[in-house]
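Here is entry.cif, consisting of mmCIF, C-alpha atoms and all ligand atoms; chains and numbers go by the auth columns:
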data_entry
loop_
_atom_site.group_PDB
_atom_site.id
_atom_site.type_symbol
_atom_site.label_atom_id
_atom_site.label_comp_id
_atom_site.label_asym_id
_atom_site.label_seq_id
_atom_site.Cartn_x
_atom_site.Cartn_y
_atom_site.Cartn_z
_atom_site.B_iso_or_equiv
_atom_site.auth_seq_id
_atom_site.auth_asym_id
ATOM 1 C CA MET A 1 38.391 55.451 52.062 0.00 100 X
ATOM 2 C CA LYS A 2 39.367 51.791 52.198 0.00 101 X
ATOM 3 C CA ALA A 3 42.395 50.532 50.312 0.00 102 X
ATOM 4 C CA ILE A 4 43.356 46.935 49.564 0.00 103 X
ATOM 5 C CA GLN A 5 46.783 45.417 49.266 0.00 104 X
ATOM 6 C CA THR A 6 47.314 42.176 47.338 0.00 105 X
ATOM 7 C CA LYS A 7 50.372 39.968 47.488 0.00 106 X
ATOM 8 C CA TYR A 8 51.619 36.943 45.598 0.00 107 X
ATOM 9 C CA HIS A 9 52.591 33.858 47.604 0.00 108 X
ATOM 10 C CA GLY A 10 54.755 31.280 45.880 0.00 109 X
ATOM 11 C CA PRO A 11 53.890 27.565 45.803 0.00 110 X
ATOM 12 C CA THR A 12 54.807 25.311 48.720 0.00 111 X
ATOM 13 C CA THR A 13 55.126 21.513 48.863 0.00 112 X
ATOM 14 C CA VAL A 14 51.511 21.429 50.046 0.00 113 X
ATOM 15 C CA ARG A 15 49.831 24.207 48.106 0.00 114 X
ATOM 16 C CA GLY A 16 50.071 25.921 44.774 0.00 115 X
ATOM 17 C CA SER A 17 50.731 29.631 44.417 0.00 116 X
ATOM 18 C CA ARG A 18 48.131 31.973 45.871 0.00 117 X
ATOM 19 C CA ILE A 19 47.296 35.651 46.113 0.00 118 X
ATOM 20 C CA SER A 20 46.171 37.307 49.317 0.00 119 X
ATOM 21 C CA ALA A 21 44.139 40.490 49.601 0.00 120 X
ATOM 22 C CA SER A 22 44.022 42.499 52.809 0.00 121 X
ATOM 23 C CA ASP A 23 42.931 45.886 54.060 0.00 122 X
ATOM 24 C CA LEU A 24 45.752 45.651 56.664 0.00 123 X
ATOM 25 C CA ASP A 25 42.979 46.066 59.181 0.00 124 X
ATOM 26 C CA GLY A 26 42.247 42.409 59.899 0.00 125 X
ATOM 27 C CA ASN A 27 40.158 41.602 56.823 0.00 126 X
ATOM 28 C CA ARG A 28 41.823 39.170 54.464 0.00 127 X
ATOM 29 C CA VAL A 29 41.165 36.562 51.791 0.00 128 X
ATOM 30 C CA ILE A 30 43.483 34.180 49.978 0.00 129 X
ATOM 31 C CA ILE A 31 42.688 32.775 46.548 0.00 130 X
ATOM 32 C CA SER A 32 44.495 30.216 44.445 0.00 131 X
ATOM 33 C CA MET A 33 46.535 31.853 41.696 0.00 132 X
ATOM 34 C CA PRO A 34 44.151 32.009 38.713 0.00 133 X
ATOM 35 C CA SER A 35 46.537 30.690 36.069 0.00 134 X
ATOM 36 C CA GLU A 36 44.294 31.845 33.234 0.00 135 X
ATOM 37 C CA LEU A 37 44.735 35.488 34.249 0.00 136 X
ATOM 38 C CA ASN A 38 47.698 37.785 33.795 0.00 137 X
ATOM 39 C CA HIS A 39 49.490 39.431 36.718 0.00 138 X
ATOM 40 C CA ASP A 40 47.263 42.493 36.991 0.00 139 X
ATOM 41 C CA GLU A 41 44.048 40.547 36.511 0.00 140 X
ATOM 42 C CA ALA A 42 45.036 37.910 39.082 0.00 141 X
ATOM 43 C CA HIS A 43 45.716 40.542 41.744 0.00 142 X
ATOM 44 C CA ARG A 44 42.454 42.271 40.883 0.00 143 X
ATOM 45 C CA ALA A 45 40.598 38.977 41.294 0.00 144 X
ATOM 46 C CA ALA A 46 41.949 38.694 44.833 0.00 145 X
ATOM 47 C CA ALA A 47 40.966 42.284 45.638 0.00 146 X
ATOM 48 C CA GLU A 48 37.483 41.652 44.253 0.00 147 X
ATOM 49 C CA ALA A 49 37.176 38.509 46.365 0.00 148 X
ATOM 50 C CA LEU A 50 37.842 40.592 49.474 0.00 149 X
ATOM 51 C CA CYS A 51 35.271 43.154 48.311 0.00 150 X
ATOM 52 C CA ARG A 52 32.632 40.459 47.892 0.00 151 X
ATOM 53 C CA LYS A 53 33.429 39.049 51.333 0.00 152 X
ATOM 54 C CA MET A 54 33.153 42.489 52.935 0.00 153 X
ATOM 55 C CA GLY A 55 30.244 43.749 50.862 0.00 154 X
ATOM 56 C CA TRP A 56 32.272 46.612 49.426 0.00 155 X
ATOM 57 C CA THR A 57 31.168 48.028 46.098 0.00 156 X
ATOM 58 C CA GLY A 58 32.563 50.718 43.851 0.00 157 X
ATOM 59 C CA VAL A 59 35.236 51.365 41.269 0.00 158 X
ATOM 60 C CA LEU A 60 38.728 50.129 42.115 0.00 159 X
ATOM 61 C CA ALA A 61 41.861 51.784 40.757 0.00 160 X
ATOM 62 C CA GLN A 62 44.939 49.564 40.699 0.00 161 X
ATOM 63 C CA GLY A 63 48.599 50.420 41.149 0.00 162 X
ATOM 64 C CA GLY A 64 51.801 48.476 41.694 0.00 163 X
ATOM 65 C CA LEU A 65 54.358 48.664 44.483 0.00 164 X
ATOM 66 C CA ALA A 66 57.606 46.711 44.652 0.00 165 X
ATOM 67 C CA LYS A 67 56.097 43.403 45.767 0.00 166 X
ATOM 68 C CA THR A 68 52.406 44.150 46.124 0.00 167 X
ATOM 69 C CA GLU A 69 49.516 45.664 44.241 0.00 168 X
ATOM 70 C CA VAL A 70 47.319 48.309 45.768 0.00 169 X
ATOM 71 C CA PHE A 71 43.652 48.958 45.052 0.00 170 X
ATOM 72 C CA VAL A 72 41.807 52.115 45.971 0.00 171 X
ATOM 73 C CA PHE A 73 38.149 52.959 45.590 0.00 172 X
ATOM 74 C CA VAL A 74 37.720 55.876 43.236 0.00 173 X
ATOM 75 C CA ASP A 75 35.054 58.471 43.864 0.00 174 X
ATOM 76 C CA HIS A 76 34.745 62.215 43.696 0.00 175 X
ATOM 77 C CA TRP A 77 36.370 62.558 47.109 0.00 176 X
ATOM 78 C CA SER A 78 39.424 60.406 46.440 0.00 177 X
ATOM 79 C CA ALA A 79 40.117 61.206 42.789 0.00 178 X
ATOM 80 C CA LYS A 80 41.973 64.479 42.470 0.00 179 X
ATOM 81 C CA PRO A 81 44.505 65.698 39.937 0.00 180 X
ATOM 82 C CA VAL A 82 48.032 66.301 41.198 0.00 181 X
ATOM 83 C CA PRO A 83 48.425 70.054 41.451 0.00 182 X
ATOM 84 C CA GLU A 84 51.223 71.616 39.449 0.00 183 X
ATOM 85 C CA ALA A 85 54.385 72.487 41.343 0.00 184 X
ATOM 86 C CA LYS A 86 54.465 75.927 42.882 0.00 185 X
ATOM 87 C CA PRO A 87 57.048 78.407 41.659 0.00 186 X
ATOM 88 C CA LYS A 88 60.296 77.780 43.503 0.00 187 X
ATOM 89 C CA LYS A 89 60.859 81.344 44.618 0.00 188 X
ATOM 90 C CA GLU A 90 58.433 82.837 47.086 0.00 189 X
ATOM 91 C CA TYR A 91 57.609 86.469 46.465 0.00 190 X
ATOM 92 C CA GLN A 92 59.996 88.668 48.412 0.00 191 X
ATOM 93 C CA PRO A 93 58.959 92.300 48.665 0.00 192 X
ATOM 94 C CA LYS A 94 61.759 94.706 47.932 0.00 193 X
ATOM 95 C CA THR A 95 62.981 96.522 50.979 0.00 194 X
ATOM 96 C CA GLY A 96 63.631 100.210 50.868 0.00 195 X
ATOM 97 C CA ALA A 97 66.442 102.040 52.482 0.00 196 X
ATOM 98 C CA ALA A 98 68.177 101.165 55.710 0.00 197 X
ATOM 99 C CA CYS A 99 65.903 101.718 58.691 0.00 198 X
ATOM 100 C CA GLY A 100 66.639 104.589 61.047 0.00 199 X
ATOM 101 C CA CYS A 101 66.129 102.541 64.188 0.00 200 X
ATOM 102 C CA LYS A 102 69.028 101.677 66.477 0.00 201 X
ATOM 103 C CA ARG A 103 70.289 98.125 66.760 0.00 202 X
ATOM 104 C CA GLY A 104 69.149 96.256 69.839 0.00 203 X
ATOM 105 C CA VAL A 105 65.854 96.561 71.642 0.00 204 X
ATOM 106 C CA GLN A 106 64.617 99.444 69.488 0.00 205 X
ATOM 107 C CA ARG A 107 65.244 97.446 66.285 0.00 206 X
ATOM 108 C CA ASP A 108 63.706 94.280 67.720 0.00 207 X
ATOM 109 C CA ASN A 109 60.483 96.218 68.298 0.00 208 X
ATOM 110 C CA CYS A 110 60.661 98.396 65.196 0.00 209 X
ATOM 111 C CA PRO A 111 57.390 98.234 63.202 0.00 210 X
ATOM 112 C CA ASN A 112 59.003 99.748 60.084 0.00 211 X
ATOM 113 C CA CYS A 113 61.600 97.035 59.523 0.00 212 X
ATOM 114 C CA GLU A 114 60.391 94.272 61.858 0.00 213 X
ATOM 115 C CA GLY A 115 63.912 93.818 63.163 0.00 214 X
ATOM 116 C CA THR A 116 65.528 93.411 59.761 0.00 215 X
ATOM 117 C CA GLY A 117 67.161 96.820 59.670 0.00 216 X
ATOM 118 C CA TRP A 118 65.662 97.500 56.240 0.00 217 X
ATOM 119 C CA VAL A 119 62.421 99.383 55.767 0.00 218 X
ATOM 120 C CA ILE A 120 59.689 97.042 54.576 0.00 219 X
ATOM 121 C CA ASP A 121 57.319 98.262 51.885 0.00 220 X
ATOM 122 C CA PHE A 122 54.070 97.185 53.564 0.00 221 X
ATOM 123 C CA LYS A 123 52.041 99.142 51.011 0.00 222 X
ATOM 124 C CA ALA A 124 53.396 96.975 48.177 0.00 223 X
ATOM 125 C CA ILE A 125 52.635 93.832 50.180 0.00 224 X
ATOM 126 C CA ARG A 126 49.062 95.006 50.854 0.00 225 X
ATOM 127 C CA GLU A 127 48.492 95.844 47.213 0.00 226 X
ATOM 128 C CA ARG A 128 49.820 92.436 46.158 0.00 227 X
ATOM 129 C CA SER A 129 47.578 90.502 48.523 0.00 228 X
ATOM 130 C CA ALA A 130 44.534 92.694 47.839 0.00 229 X
HETATM 131 ZN ZN ZN B . 63.631 99.617 61.996 0.00 301 X
#

Could you render the structure from this file as structure tokens?
Ligand SMILES: [Zn+2]
Amino acid sequence: MKAIQTKYHGPTTVRGSRISASDLDGNRVIISMPSELNHDEAHRAAAEALCRKMGWTGVLAQGGLAKTEVFVFVDHWSAKPVPEAKPKKEYQPKTGAACGCKRGVQRDNCPNCEGTGWVIDFKAIRERSA
């Protein structure tokens, strides 16, 4: 989904201040700073000018970065809630007693402890994931 970045350009000796809007993909417009609008509205006006030029329609969400504003089209594909953080600790199945296998090759290939030296309770793992 397309996104638009807008940026303020200060006045020069030749021109007044302006705002550019770009998709960083070669499409760009520059408008004179609309003095009647506030900061957010002025940046939105530039983004909307680029939309009109490109024929893009939709609902634009706006957000600020350090020196630019970013606009993103909102639809049911792009708008998703931030999922809650996962619990920090992954589930670790309790191991049983020390495994009877010998260290070395036998342990490396041991299906009961998978090389850990401690019997793994696969039944508990199966029941948990069932
Ligand atoms: Zn073992």

- Message: Around ligand ZN 301 (chain X), which protein and nucleic acid residues have at least one atom no more than 8 Å from it, if we count only C-alpha atoms and all ligand atoms? List them as a PyMOL selection string.
- Response: chain X and resi 197-201+205-218

- Message: Please determine, counting all atoms listed in the file, which residue among X:Thr111, X:Arg117, X:Lys179, X:Gln161 has the shortest atom-to-atom distance to Glu140 (chain X).
- Response: X:Gln161

Give me the residues near Thr167 (chain X) as a PDB file with C-alpha atoms, in the coordinates of the input, where near means some atom within 7 Å (using all atoms listed in the file) and where sequence neighbours in that chain fewer than 4 positions away do not count.
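Output (selection27.pdb):
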ATOM      1  CA  GLN X 104      46.783  45.417  49.266  1.00  0.00           C
ATOM      2  CA  THR X 105      47.314  42.176  47.338  1.00  0.00           C
ATOM      3  CA  LYS X 106      50.372  39.968  47.488  1.00  0.00           C
ATOM      4  CA  GLY X 163      51.801  48.476  41.694  1.00  0.00           C
TER       5      GLY X 163
END

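Put simply, the PyMOL selection byres (((chain X and resi 126) around 10) and not hetatm) on this file hits Ile103, Ala120, Ser121, Asp122, Leu123, Asp124, Gly125, Arg127, Val128, Leu149, Cys150, Lys152 and Met153 of chain X.
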
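Closest approach to Phe221 (chain X) from the set X:Gly195, X:His175, X:Ser119, X:Pro180 is made by X:Gly195, with distances taken over only C-alpha atoms.
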
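Our summary of the geometry notes that CA of His142 (chain X) is positioned 7.9 Å from CA of Tyr107 (chain X).
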
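When only C-alpha atoms are used to compute distances to Glu147 (chain X), the closest of the residues X:Ala102, X:Val181, X:Arg114, X:Glu135 turns out to be X:Ala102.
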
- CA of Arg151 (chain X) and CA of Met100 (chain X), how far apart in Å? 16.6 Å

Save region 187-228 of chain X to disk from that block, C-alpha atoms included, as a short mmCIF file (atom, residue, chain, number, x, y, z; two decimals), in the first residue's frame.
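As written to disk, part-v6.cif reads:
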data_model
loop_
_atom_site.label_atom_id
_atom_site.label_comp_id
_atom_site.auth_asym_id
_atom_site.auth_seq_id
_atom_site.Cartn_x
_atom_site.Cartn_y
_atom_site.Cartn_z
CA LYS X 187 8.47 -13.26 28.36
CA LYS X 188 9.10 -16.84 29.40
CA GLU X 189 8.56 -19.56 26.85
CA TYR X 190 7.03 -22.72 28.24
CA GLN X 191 9.77 -25.10 29.29
CA PRO X 192 8.63 -28.65 29.96
CA LYS X 193 10.00 -30.08 33.15
CA THR X 194 12.58 -32.74 32.59
CA GLY X 195 12.50 -35.93 34.57
CA ALA X 196 15.42 -37.78 35.96
CA ALA X 197 18.88 -38.00 34.49
CA CYS X 198 18.90 -40.05 31.31
CA GLY X 199 20.53 -43.47 31.34
CA CYS X 200 22.38 -42.95 28.08
CA LYS X 201 26.16 -42.63 27.97
CA ARG X 202 27.80 -39.33 27.11
CA GLY X 203 29.09 -39.06 23.57
CA VAL X 204 27.63 -40.57 20.45
CA GLN X 205 24.93 -42.51 22.31
CA ARG X 206 23.71 -39.33 24.04
CA ASP X 207 23.85 -37.29 20.84
CA ASN X 208 21.46 -39.78 19.25
CA CYS X 209 19.36 -40.48 22.34
CA PRO X 210 15.63 -40.06 21.60
CA ASN X 211 14.72 -39.93 25.31
CA CYS X 212 16.75 -36.84 26.19
CA GLU X 213 17.65 -35.47 22.75
CA GLY X 214 21.24 -35.02 23.85
CA THR X 215 20.43 -33.04 26.98
CA GLY X 216 21.16 -35.82 29.43
CA TRP X 217 17.78 -35.30 31.10
CA VAL X 218 14.72 -37.33 30.18
CA ILE X 219 12.20 -35.17 28.35
CA ASP X 220 8.53 -35.58 29.20
CA PHE X 221 7.22 -35.79 25.62
CA LYS X 222 3.80 -36.86 26.89
CA ALA X 223 3.38 -33.56 28.76
CA ILE X 224 4.48 -31.64 25.66
CA ARG X 225 1.98 -33.54 23.48
CA GLU X 226 -0.84 -32.93 25.92
CA ARG X 227 0.00 -29.22 26.07
CA SER X 228 0.01 -28.78 22.30
#
